[in-house]
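One file, data17.cif, carrying mmCIF, C-alpha atoms and all ligand atoms:
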data_run
#
loop_
_atom_site.label_atom_id
_atom_site.label_comp_id
_atom_site.auth_asym_id
_atom_site.auth_seq_id
_atom_site.Cartn_x
_atom_site.Cartn_y
_atom_site.Cartn_z
CA MET A 1 0.00 0.00 0.00
CA THR A 2 1.28 3.46 -0.87
CA ALA A 3 1.33 6.52 1.39
CA ASP A 4 -1.01 8.30 -1.04
CA VAL A 5 -3.70 5.72 -0.65
CA ASP A 6 -3.22 5.81 3.11
CA MET A 7 -3.94 9.49 3.20
CA GLN A 8 -7.27 9.08 1.49
CA LEU A 9 -8.58 6.62 4.06
CA ASP A 10 -10.64 7.62 7.03
CA PRO A 11 -9.13 6.62 10.39
CA THR A 12 -11.40 3.59 10.87
CA SER A 13 -10.51 2.00 7.53
CA GLN A 14 -6.89 2.82 8.22
CA ARG A 15 -7.06 0.87 11.48
CA GLU A 16 -8.83 -2.02 9.77
CA ILE A 17 -6.16 -2.21 7.12
CA GLU A 18 -3.38 -2.11 9.67
CA ALA A 19 -5.09 -4.88 11.61
CA ALA A 20 -5.44 -6.94 8.45
CA ALA A 21 -1.79 -6.38 7.59
CA ALA A 22 -0.79 -7.47 11.11
CA ALA A 23 -3.01 -10.54 10.85
CA TRP A 24 -1.45 -11.34 7.49
CA GLU A 25 2.00 -11.09 9.00
CA ILE A 26 1.00 -13.40 11.86
CA ALA A 27 -0.51 -15.84 9.37
CA GLU A 28 2.68 -15.78 7.33
CA ARG A 29 4.77 -16.39 10.41
CA LYS A 30 2.46 -19.23 11.44
CA GLU A 31 2.84 -20.75 8.02
CA LEU A 32 6.56 -20.51 8.37
CA GLN A 33 6.37 -22.25 11.71
CA GLN A 34 4.17 -24.92 10.16
CA ASP A 35 6.70 -25.36 7.38
CA SER A 36 9.51 -25.76 9.84
CA LEU A 37 7.45 -28.18 11.94
CA ALA A 38 6.85 -30.27 8.81
CA LEU A 39 10.59 -30.39 8.17
CA LEU A 40 11.34 -31.28 11.78
CA LEU A 41 8.71 -34.01 11.79
CA ARG A 42 10.12 -35.49 8.60
CA ALA A 43 13.58 -35.56 10.15
CA TYR A 44 12.17 -37.07 13.35
CA TYR A 45 10.27 -39.83 11.53
CA GLN A 46 13.31 -40.38 9.33
CA SER A 47 15.95 -40.69 12.03
CA LEU A 48 14.55 -40.89 15.54
CA PHE A 49 11.17 -42.63 15.77
CA PRO A 50 11.88 -46.07 17.36
CA TYR A 51 10.16 -48.20 14.69
CA LYS A 52 11.56 -51.58 15.68
CA PRO A 53 10.64 -51.68 19.38
CA TYR A 54 7.41 -49.81 18.63
CA PHE A 55 6.39 -52.48 16.13
CA GLN A 56 7.39 -55.31 18.48
CA TRP A 57 5.38 -53.71 21.26
CA LEU A 58 2.14 -53.51 19.26
CA ASN A 59 2.80 -56.84 17.56
CA TYR A 60 3.63 -58.65 20.84
CA GLY A 61 6.26 -60.65 19.02
CA PRO A 62 8.98 -60.35 16.38
CA VAL A 63 7.05 -61.72 13.37
CA ALA A 64 4.31 -59.48 11.96
CA GLY A 65 0.81 -60.84 12.50
CA PRO A 66 -2.79 -59.69 12.93
CA THR A 67 -2.09 -58.27 16.40
CA PHE A 68 -0.21 -55.50 14.60
CA GLN A 69 -1.91 -55.60 11.21
CA HIS A 70 -5.46 -55.30 12.60
CA ARG A 71 -4.57 -52.42 14.90
CA GLU A 72 -6.17 -49.05 14.31
CA PHE A 73 -3.91 -46.01 14.04
CA SER A 74 -5.26 -42.57 13.43
CA PHE A 75 -3.30 -39.58 12.21
CA THR A 76 -3.84 -35.87 12.61
CA LEU A 77 -2.22 -34.05 9.71
CA GLN A 78 -0.86 -30.51 9.75
CA ASN A 79 -3.97 -29.00 8.20
CA ASP A 80 -6.04 -30.52 11.03
CA ILE A 81 -7.29 -33.32 8.84
CA TYR A 82 -8.02 -36.31 11.01
CA ILE A 83 -7.72 -39.76 9.42
CA ARG A 84 -9.02 -42.76 11.31
CA PHE A 85 -8.74 -46.48 10.59
CA GLN A 86 -5.22 -46.62 9.25
CA SER A 87 -3.42 -49.96 9.53
CA PHE A 88 -0.04 -51.29 8.51
CA LYS A 89 1.64 -54.51 7.46
CA ASP A 90 4.81 -54.16 9.49
CA ALA A 91 7.36 -51.68 10.85
CA GLU A 92 8.58 -50.75 7.36
CA ASP A 93 5.06 -50.09 6.08
CA LEU A 94 4.44 -47.85 9.10
CA ARG A 95 7.71 -46.01 8.46
CA VAL A 96 6.90 -45.35 4.82
CA GLU A 97 3.46 -43.96 5.71
CA LEU A 98 4.72 -41.82 8.59
CA LEU A 99 7.29 -40.28 6.29
CA ARG A 100 4.72 -39.75 3.56
CA MET A 101 2.05 -38.18 5.75
CA CYS A 102 4.19 -36.66 8.53
CA PRO A 103 1.31 -36.62 11.04
CA VAL A 104 1.48 -34.05 13.84
CA LYS A 105 -0.26 -36.55 16.08
CA ILE A 106 -0.59 -40.34 16.11
CA ASP A 107 -3.33 -42.08 18.07
CA ILE A 108 -3.55 -45.78 18.78
CA GLY A 109 -6.88 -47.60 18.86
CA ALA A 110 -8.03 -51.18 19.26
CA ILE A 111 -7.14 -54.42 17.48
CA TYR A 112 -10.09 -55.35 15.27
CA ASN A 113 -11.33 -58.57 13.69
CA ALA A 114 -10.17 -57.27 10.29
CA LYS A 115 -7.68 -54.76 8.95
CA PRO A 116 -8.96 -51.27 9.82
CA LYS A 117 -7.99 -49.98 6.37
CA ASP A 118 -10.41 -52.55 4.87
CA LYS A 119 -13.27 -51.37 7.09
CA LYS A 120 -15.24 -49.86 4.19
CA THR A 121 -15.23 -53.12 2.27
CA LEU A 122 -16.96 -55.01 5.11
CA ARG A 123 -20.69 -55.18 5.63
CA GLN A 124 -22.08 -52.91 8.29
CA GLY A 125 -21.57 -54.19 11.82
CA ALA A 126 -19.01 -56.79 10.73
CA PHE A 127 -16.06 -54.71 11.87
CA GLN A 128 -15.58 -55.15 15.62
CA PRO A 129 -12.88 -54.26 18.17
CA LEU A 130 -11.47 -57.29 19.95
CA GLU A 131 -8.62 -56.18 22.16
CA LYS A 132 -6.64 -53.23 23.36
CA GLU A 133 -4.25 -52.42 26.15
CA LEU A 134 -6.00 -51.25 29.30
CA VAL A 135 -5.23 -47.55 29.25
CA PHE A 136 -5.39 -44.67 31.71
CA ASP A 137 -5.34 -40.96 31.01
CA ILE A 138 -4.63 -38.52 33.83
CA ASP A 139 -4.89 -34.88 32.83
CA MET A 140 -3.79 -31.89 34.89
CA THR A 141 -6.86 -29.84 33.92
CA ASP A 142 -8.91 -32.18 36.12
CA TYR A 143 -7.02 -30.67 39.06
CA ASP A 144 -7.83 -27.06 38.14
CA GLU A 145 -10.18 -26.53 41.07
CA ILE A 146 -7.35 -27.50 43.43
CA ARG A 147 -4.12 -26.23 41.96
CA THR A 148 -3.29 -22.61 42.65
CA CYS A 149 -0.07 -22.32 40.59
CA CYS A 150 -1.33 -22.83 37.01
CA SER A 151 -4.49 -23.64 35.09
CA GLY A 152 -5.56 -25.09 31.74
CA GLY A 153 -2.75 -26.36 29.58
CA ASP A 154 0.00 -24.89 31.76
CA ILE A 155 2.05 -26.94 34.16
CA CYS A 156 4.99 -26.31 36.48
CA LEU A 157 7.04 -28.42 38.85
CA LYS A 158 4.71 -27.56 41.73
CA CYS A 159 1.60 -29.05 40.15
CA TRP A 160 3.51 -31.90 38.51
CA ASP A 161 3.42 -33.48 42.00
CA PHE A 162 -0.20 -34.45 41.25
CA MET A 163 1.06 -36.62 38.39
CA THR A 164 3.82 -38.14 40.52
CA VAL A 165 1.29 -39.11 43.19
CA ALA A 166 -1.09 -40.45 40.53
CA ILE A 167 1.62 -42.66 39.02
CA LYS A 168 2.67 -44.00 42.43
CA ILE A 169 -0.89 -44.84 43.52
CA ILE A 170 -2.25 -46.26 40.26
CA ASP A 171 0.92 -48.16 39.39
CA ARG A 172 0.98 -49.92 42.78
CA ALA A 173 -2.72 -50.82 42.52
CA LEU A 174 -2.32 -52.22 38.99
CA ARG A 175 0.67 -54.27 40.11
CA ASP A 176 -0.48 -55.52 43.50
CA ASP A 177 -4.28 -55.49 43.36
CA PHE A 178 -4.63 -56.72 39.77
CA GLY A 179 -1.31 -58.50 39.24
CA PHE A 180 -0.51 -56.63 36.02
CA LYS A 181 3.17 -56.81 35.18
CA HIS A 182 3.64 -54.80 31.98
CA ARG A 183 2.70 -51.20 32.72
CA LEU A 184 4.05 -48.53 30.39
CA TRP A 185 3.78 -44.98 31.74
CA VAL A 186 4.13 -42.19 29.18
CA TYR A 187 4.28 -38.40 29.38
CA SER A 188 1.46 -36.97 27.25
CA GLY A 189 3.77 -34.22 25.93
CA ARG A 190 2.05 -31.38 27.72
CA ARG A 191 0.01 -31.65 30.89
CA GLY A 192 -0.61 -35.27 31.80
CA VAL A 193 0.38 -38.91 31.81
CA HIS A 194 -0.91 -42.08 30.22
CA CYS A 195 -0.55 -45.68 31.29
CA TRP A 196 -0.69 -48.65 28.92
CA VAL A 197 -1.25 -51.98 30.68
CA CYS A 198 -0.07 -54.55 28.19
CA ASP A 199 -0.55 -57.94 29.92
CA SER A 200 -2.67 -60.21 27.69
CA ARG A 201 -5.26 -60.49 30.50
CA ALA A 202 -5.67 -56.70 30.44
CA ARG A 203 -5.80 -56.51 26.64
CA ARG A 204 -8.68 -58.95 26.50
CA LEU A 205 -10.92 -57.10 28.96
CA ASP A 206 -14.27 -56.08 27.52
CA ASN A 207 -15.91 -52.72 28.30
CA GLU A 208 -17.53 -54.13 31.45
CA GLY A 209 -14.23 -55.48 32.74
CA ARG A 210 -12.56 -52.13 32.07
CA LYS A 211 -15.37 -50.31 33.89
CA ALA A 212 -14.88 -52.61 36.88
CA VAL A 213 -11.18 -51.70 37.04
CA VAL A 214 -12.04 -47.98 36.94
CA GLY A 215 -14.69 -48.56 39.63
CA TRP A 216 -12.06 -50.15 41.87
CA LEU A 217 -9.59 -47.31 41.39
CA GLU A 218 -11.93 -44.33 41.41
CA VAL A 219 -12.33 -42.45 44.67
CA VAL A 220 -12.97 -38.80 43.72
CA LYS A 221 -16.53 -38.56 42.39
CA GLY A 222 -18.67 -35.67 41.20
CA GLY A 223 -18.27 -32.52 39.14
CA VAL A 224 -17.35 -28.95 40.05
CA GLN A 225 -20.74 -28.32 41.70
CA LYS A 226 -20.21 -31.10 44.24
CA THR A 227 -18.29 -29.88 47.27
CA ARG A 228 -17.60 -33.17 48.99
CA LYS A 229 -16.31 -35.60 46.40
CA VAL A 230 -14.84 -38.30 48.63
CA GLN A 231 -16.77 -40.37 51.18
CA LEU A 232 -14.81 -43.37 52.32
CA PRO A 233 -15.62 -45.88 55.06
CA ALA A 234 -14.09 -45.41 58.54
CA THR A 235 -11.75 -48.36 57.95
CA LEU A 236 -10.08 -48.10 54.59
CA PRO A 237 -9.81 -51.20 52.38
CA PRO A 238 -6.16 -52.36 52.05
CA SER A 239 -5.71 -50.81 48.59
CA LEU A 240 -6.70 -47.37 49.85
CA GLN A 241 -4.56 -47.80 52.95
CA GLN A 242 -1.65 -48.13 50.55
CA ALA A 243 -2.81 -45.02 48.68
CA MET A 244 -3.03 -43.21 52.02
CA HIS A 245 0.68 -43.87 52.66
CA VAL A 246 1.48 -42.03 49.43
CA LEU A 247 -0.91 -39.18 50.26
CA LYS A 248 0.63 -38.77 53.72
CA GLU A 249 4.07 -38.70 52.18
CA HIS A 250 3.16 -35.82 49.82
CA PHE A 251 0.26 -33.90 51.36
CA GLU A 252 2.17 -31.42 53.50
CA GLU A 253 4.78 -30.57 50.88
CA SER A 254 2.59 -30.57 47.78
CA ILE A 255 -0.81 -29.44 48.97
CA LEU A 256 -0.03 -27.32 52.02
CA ARG A 257 3.32 -25.82 51.07
CA LYS A 258 3.49 -25.75 47.28
CA GLN A 259 -0.21 -25.26 46.51
CA ASP A 260 -0.76 -23.35 49.75
CA VAL A 261 -4.44 -24.31 49.75
CA LEU A 262 -5.12 -22.65 53.11
CA GLY A 263 -3.12 -19.54 52.29
CA ALA A 264 -6.00 -17.26 51.29
CA PRO A 265 -9.74 -17.12 52.07
CA GLU A 266 -10.85 -17.98 48.51
CA GLN A 267 -8.80 -21.17 48.78
CA TRP A 268 -9.56 -22.19 52.36
CA ARG A 269 -13.31 -21.62 51.86
CA LYS A 270 -13.30 -24.62 49.52
CA VAL A 271 -11.87 -26.79 52.31
CA LEU A 272 -14.32 -25.44 54.89
CA ASP A 273 -17.22 -26.07 52.50
CA ILE A 274 -16.27 -29.74 52.43
CA ILE A 275 -16.52 -29.91 56.23
CA GLY A 276 -19.82 -28.08 56.10
CA ASP A 277 -20.37 -28.28 59.89
CA ASP A 278 -21.94 -25.06 61.26
CA ASN A 279 -20.03 -25.41 64.50
CA VAL A 280 -16.52 -26.00 63.19
CA ARG A 281 -16.58 -24.06 59.92
CA PRO A 282 -17.16 -20.54 61.30
CA ALA A 283 -14.74 -21.13 64.19
CA LEU A 284 -11.96 -22.15 61.79
CA GLY A 285 -12.71 -19.35 59.35
CA LYS A 286 -12.56 -16.81 62.16
CA GLN A 287 -9.33 -18.22 63.54
CA TRP A 288 -7.62 -18.24 60.14
CA SER A 289 -8.81 -14.74 59.16
CA SER A 290 -7.68 -13.22 62.43
CA ASP A 291 -4.09 -14.44 62.15
CA ASP A 292 -2.45 -13.89 58.78
CA THR A 293 0.95 -14.95 60.07
CA GLN A 294 -0.16 -18.60 59.95
CA ASP A 295 0.80 -20.70 56.96
CA SER A 296 -1.18 -23.56 55.43
CA VAL A 297 0.66 -26.18 57.50
CA GLN A 298 -0.29 -24.46 60.77
CA ARG A 299 -3.85 -23.96 59.58
CA TRP A 300 -4.19 -27.63 58.64
CA ALA A 301 -2.96 -28.58 62.11
CA SER A 302 -5.61 -26.35 63.68
CA LEU A 303 -8.25 -27.90 61.39
CA VAL A 304 -7.36 -31.43 62.50
CA LYS A 305 -7.33 -30.33 66.17
CA LEU A 306 -10.63 -28.49 66.00
CA LEU A 307 -12.35 -31.37 64.23
CA GLU A 308 -11.32 -33.59 67.13
CA ASN A 309 -12.31 -31.04 69.78
CA PRO A 310 -15.09 -28.89 68.33
CA PRO A 311 -15.67 -25.46 69.97
CA ASN A 312 -19.11 -26.46 71.24
CA PRO A 313 -18.82 -30.14 72.18
CA ARG A 314 -22.54 -30.42 72.87
CA ALA A 315 -23.57 -29.24 69.37
CA LYS A 316 -24.62 -31.99 66.98
CA ARG A 317 -21.70 -32.96 64.71
CA THR A 318 -22.56 -33.07 61.04
CA TYR A 319 -19.19 -34.38 59.88
CA SER A 320 -17.63 -37.79 60.20
CA SER A 321 -14.56 -38.34 62.34
CA HIS A 322 -12.41 -39.14 59.29
CA ILE A 323 -13.25 -36.06 57.24
CA ALA A 324 -9.68 -34.68 57.34
CA ARG A 325 -8.53 -37.94 55.74
CA ASP A 326 -11.24 -37.68 53.07
CA ILE A 327 -10.13 -34.11 52.32
CA MET A 328 -6.61 -35.43 51.74
CA PHE A 329 -8.05 -37.92 49.23
CA GLN A 330 -10.14 -35.21 47.56
CA TYR A 331 -7.11 -32.97 47.17
CA MET A 332 -4.54 -35.50 45.98
CA TYR A 333 -5.96 -38.86 44.91
CA PRO A 334 -5.67 -39.44 41.12
CA ARG A 335 -8.51 -38.25 38.94
CA LEU A 336 -9.05 -40.65 36.04
CA ASP A 337 -10.71 -40.00 32.71
CA ASP A 338 -13.03 -43.00 32.95
CA LYS A 339 -14.23 -42.87 29.31
CA VAL A 340 -10.71 -43.37 28.01
CA THR A 341 -10.25 -46.43 30.22
CA SER A 342 -13.63 -48.09 29.94
CA GLN A 343 -14.12 -48.04 26.17
CA LEU A 344 -12.28 -50.65 24.18
CA ASN A 345 -12.34 -48.65 20.94
CA HIS A 346 -11.24 -45.33 22.50
CA LEU A 347 -8.10 -43.85 20.98
CA LEU A 348 -5.11 -42.60 22.96
CA LYS A 349 -2.10 -40.58 21.85
CA SER A 350 0.82 -42.80 20.96
CA PRO A 351 4.11 -42.94 22.86
CA PHE A 352 6.95 -41.23 20.96
CA CYS A 353 4.65 -38.95 19.07
CA ILE A 354 5.40 -35.23 19.23
CA HIS A 355 3.02 -32.96 21.08
CA PRO A 356 2.00 -30.46 18.37
CA LYS A 357 1.84 -27.49 20.79
CA THR A 358 4.92 -28.04 22.95
CA GLY A 359 7.08 -29.95 20.46
CA ARG A 360 7.93 -32.38 23.29
CA VAL A 361 8.25 -36.09 22.68
CA CYS A 362 5.75 -38.34 24.49
CA VAL A 363 8.47 -40.25 26.30
CA PRO A 364 8.11 -43.18 28.71
CA ILE A 365 8.36 -42.50 32.44
CA ASP A 366 9.92 -45.02 34.81
CA ALA A 367 7.29 -45.43 37.55
CA ALA A 368 9.94 -46.54 40.05
CA THR A 369 11.74 -43.19 39.77
CA CYS A 370 8.80 -41.00 38.75
CA GLU A 371 9.64 -38.45 41.44
CA GLN A 372 12.72 -37.51 39.45
CA PHE A 373 10.84 -37.06 36.18
CA ASN A 374 10.82 -33.43 35.06
CA PRO A 375 8.34 -32.74 32.24
CA LEU A 376 10.03 -29.41 31.51
CA LYS A 377 13.24 -31.22 30.60
CA VAL A 378 11.68 -33.68 28.18
CA PRO A 379 13.35 -33.40 24.75
CA VAL A 380 11.80 -31.00 22.26
CA ILE A 381 11.84 -32.02 18.58
CA GLU A 382 13.83 -28.98 17.46
CA ASP A 383 16.57 -29.61 20.04
CA LEU A 384 16.83 -33.26 19.00
CA ILE A 385 17.41 -32.37 15.37
CA ASN A 386 19.97 -29.75 16.45
CA GLU A 387 21.71 -32.36 18.59
CA ILE A 388 22.10 -34.63 15.55
CA ASN A 389 23.44 -31.76 13.47
CA ALA A 390 25.87 -30.69 16.20
CA PHE A 391 27.14 -34.26 16.57
CA ASP A 392 27.60 -34.66 12.82
CA LYS A 393 29.39 -31.33 12.54
CA GLN A 394 31.74 -32.32 15.31
CA ALA A 395 32.34 -35.71 13.68
CA GLU A 396 33.08 -33.99 10.38
CA SER A 397 35.55 -31.59 11.96
CA GLU A 398 37.33 -34.53 13.52
CA ALA A 399 37.29 -36.39 10.21
CA GLY A 400 40.15 -38.71 9.80
CA SER A 401 40.79 -42.31 9.06
CA ASP A 402 41.47 -43.43 12.61
CA SER A 403 39.05 -45.94 14.08
CA ALA A 404 37.49 -43.47 16.57
CA ALA A 405 36.45 -41.14 13.74
CA THR A 406 35.01 -44.03 11.74
CA ALA A 407 33.11 -45.26 14.80
CA ARG A 408 31.71 -41.77 15.36
CA ARG A 409 30.34 -41.66 11.85
CA LYS A 410 28.50 -44.94 12.42
CA VAL A 411 26.66 -43.85 15.56
CA PRO A 412 22.87 -44.23 15.08
CA ASP A 413 21.09 -40.85 15.10
CA VAL A 414 19.11 -41.53 18.26
CA GLU A 415 22.35 -42.05 20.18
CA LYS A 416 23.45 -38.56 19.24
CA THR A 417 20.50 -37.10 21.13
CA SER A 418 18.92 -36.73 24.56
CA LEU A 419 16.16 -39.09 23.40
CA LYS A 420 18.53 -42.04 23.82
CA PRO A 421 17.74 -42.95 27.48
CA TYR A 422 14.00 -42.89 26.78
CA VAL A 423 14.34 -45.17 23.78
CA GLN A 424 16.53 -47.50 25.83
CA MET A 425 13.91 -47.60 28.58
CA PHE A 426 11.22 -48.39 25.99
CA LYS A 427 13.37 -51.16 24.47
CA ARG A 428 13.85 -52.78 27.88
CA PHE A 429 10.10 -52.66 28.48
CA VAL A 430 9.28 -54.18 25.08
CA SER A 431 11.95 -56.86 25.31
CA GLN A 432 10.60 -58.11 28.67
CA LEU A 433 7.04 -57.93 27.38
CA VAL A 434 7.77 -59.91 24.21
CA LYS A 435 9.79 -62.49 26.17
CA ASP A 436 6.88 -63.08 28.55
CA GLU A 437 4.40 -63.15 25.69
CA ILE A 438 6.37 -65.86 23.87
CA LYS A 439 6.73 -67.87 27.08
CA GLN A 440 3.02 -67.59 27.75
CA ASN A 441 2.09 -68.60 24.19
CA GLN A 442 4.31 -71.64 24.45
CA ALA A 443 2.60 -72.70 27.69
CA THR A 444 -0.94 -72.04 26.42
CA PRO A 445 -1.06 -71.36 22.68
CA ARG A 446 -3.21 -68.36 21.78
CA HIS A 447 -6.15 -69.01 19.52
CA LYS A 448 -5.05 -66.50 16.97
CA GLN A 449 -7.47 -67.90 14.37
CA VAL A 450 -10.11 -65.74 16.06
CA TYR A 451 -8.81 -62.91 13.88
CA PHE A 452 -9.32 -64.55 10.51
ZN ZN A 501 1.71 -25.39 38.30
#
How does this structure look as structure tokens?
Ligand SMILES: [Zn+2]
Amino acid sequence: MTADVDMQLDPTSQREIEAAAAAWEIAERKELQQDSLALLLRAYYQSLFPYKPYFQWLNYGPVAGPTFQHREFSFTLQNDIYIRFQSFKDAEDLRVELLRMCPVKIDIGAIYNAKPKDKKTLRQGAFQPLEKELVFDIDMTDYDEIRTCCSGGDICLKCWDFMTVAIKIIDRALRDDFGFKHRLWVYSGRRGVHCWVCDSRARRLDNEGRKAVVGWLEVVKGGVQKTRKVQLPATLPPSLQQAMHVLKEHFEESILRKQDVLGAPEQWRKVLDIIGDDNVRPALGKQWSSDDTQDSVQRWASLVKLLENPPNPRAKRTYSSHIARDIMFQYMYPRLDDKVTSQLNHLLKSPFCIHPKTGRVCVPIDAATCEQFNPLKVPVIEDLINEINAFDKQAESEAGSDSAATARRKVPDVEKTSLKPYVQMFKRFVSQLVKDEIKQNQATPRHKQVYF
């Protein structure tokens, strides 16, 4: 646009044009970003995606069969096109298609009685899901009414404690209460964690069986409107006693210190509303408002004390003696997305896919050391590609014919990057899983003909 034309415009049109020009610039920049994401994804699928262990995981063995070939994958492409019912012959077929389509997101669905890509050729109703890992999805946004540090898609190390506690409690229950051995925990790439239970017994659960598992694990019930979401019996069942150990271990540090849930009236009112008792609630509110030198730890101590010795002992108590314990459960016990778990054909984001917003890889998390996991240090796609380039540049500058230089040139790309330990962890998981699967099939052969 020329200055002459500008001068003829009234101020409103001028502003509109400037806004449009700014929007155009943003759009151009976005397109640029999209272009660079496409390039990064291509490089990632070319050099870093762990095809071999990934295939062995979903195939449950080294030789390609219907367990892999009848599995649904769905892709989200860069232009937001969502393609369901993709399926692949083997690891190479998957690789070729990932490189061709460069999806920004990969979801994994169920194993069907036919190849998902042939779905349209089957008569209606003939295409049925048969199996899938038992999966769990724990999302930080379900803790928004509790966390005081962040909300929505944001996370920080303070609120990540909710995920650590969730992994500890759910992982123990899956192992000890259900006897599941092969549990793969994965960072969702942004604000949550997933768990894939891969034991054959778990994979064969129908919707009812999956619902029963959720029913066993679920403690926090009710939406935002419900103030008291946890009502447990006076004597906890053994599984929840175990959960209570974890809650006790983390409650003071995570809920009282880091989240500071009794730090300000708008926060502590939520806790008092759970108690509800007209004798205790006003007394506590008054005590806390009158002394702003107290921190959440001191206030919690006064809450526990006052619940035991209410100000007017003769007044009728409307709370149960274990309400403080139930509040601990309400504030920290894992919140599960039950739809994801209870529906066999529900899709879940794949491990090792890239989160389109953060660029972080959905890497496995070792449940045994989950307290050390830092989501903010998970590799970002751009850094990984830069790490490969930096390594190669270094190798080039050291070029020579000595054996060290030759060895450096032969290093697989993944080993040049910070993704290496995560891929190694995944390989160990898959190798143990496949070993057990083969052993189990030898003991009691699987009736694989069910697929044909
Ligand atoms: Zn936070």
Which centre and which edge lengths, in Å to one decimal, describe the axis-aligned box that holds all listed atoms of region 144-148 of chain A after 3 Å is added on each side, as AutoDock Vina command-line options?
--center_x -6.7 --center_y -25.1 --center_z 40.8 --size_x 12.9 --size_y 10.9 --size_z 11.3
Legend entry - Environment of ligand ZN 501 (chain A) within 8 Å, counting all atoms listed in the file, reported as a ChimeraX atom specification: /A:147-151,154-160
Inset, instruction - Pick out the closest residue to Phe73 (chain A) from this set: A:Ser254, A:Ser350, A:Ser239, A:Gln424. Count all atoms listed in the file. - result: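 Going through A:Ser254, A:Ser350, A:Ser239, A:Gln424 one by one, the smallest distance to Phe73 (chain A) is for A:Ser350.
The nearest approach to Asp107 (chain A) among the residues A:Cys353, A:Ala443, A:Val224, A:Leu256, with only C-alpha atoms taken into account, belongs to A:Cys353.
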Inset, instruction - Do a neighbour search on Arg191 (chain A) at 9 Å with all atoms listed in the file, toss out local chain neighbours closer than 2 positions, and write the hits as number ranges by chain. - result: A: 138-141, 152-155, 160, 187-189, 193, 375
Inset, instruction - Compare A:Thr444, A:Ile438, A:Ile327, A:Phe127 by their minimum atom-to-atom distance to Asn59 (chain A), counting only C-alpha atoms, and give me the closest one. - result: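 Closest residue, counting only C-alpha atoms: A:Ile438.
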Legend entry - Test item: residues at most 12 Å from Phe329 (chain A), only C-alpha atoms, excluding those fewer than 4 positions along its chain, as a ChimeraX atom specification: /A:146,162,165-166,169,218-221,228-232,236,240-241,243-248,250-251,255,322-325,333-335
Inset, instruction - Would you please work out which residue, of A:Ile81, A:Met332, A:Leu37, A:Leu58, is nearest to Tyr143 (chain A) when using all atoms listed in the file? - result: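 The closest residue to Tyr143 (chain A) is A:Met332.
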Inset, instruction - Quick one: pull the distance between CA of Leu130 (chain A) and CA of Leu344 (chain A), Å, one decimal. - result: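 Interatomic distance, CA of Leu130 (chain A) to CA of Leu344 (chain A): 7.9 Å.
Rounded to one decimal, CA of Tyr60 (chain A) and CA of Lys435 (chain A) lie 9.0 Å from each other.
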Inset, instruction - State, in Å with one decimal place, the distance from CA of Ser320 (chain A) to CA of Arg269 (chain A). - result: 18.7 Å
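Considering the residues A:Lys181, A:His70, A:Lys117, A:Arg190 and counting all atoms listed in the file, Lys132 (chain A) has its shortest atom-to-atom contact with A:His70.
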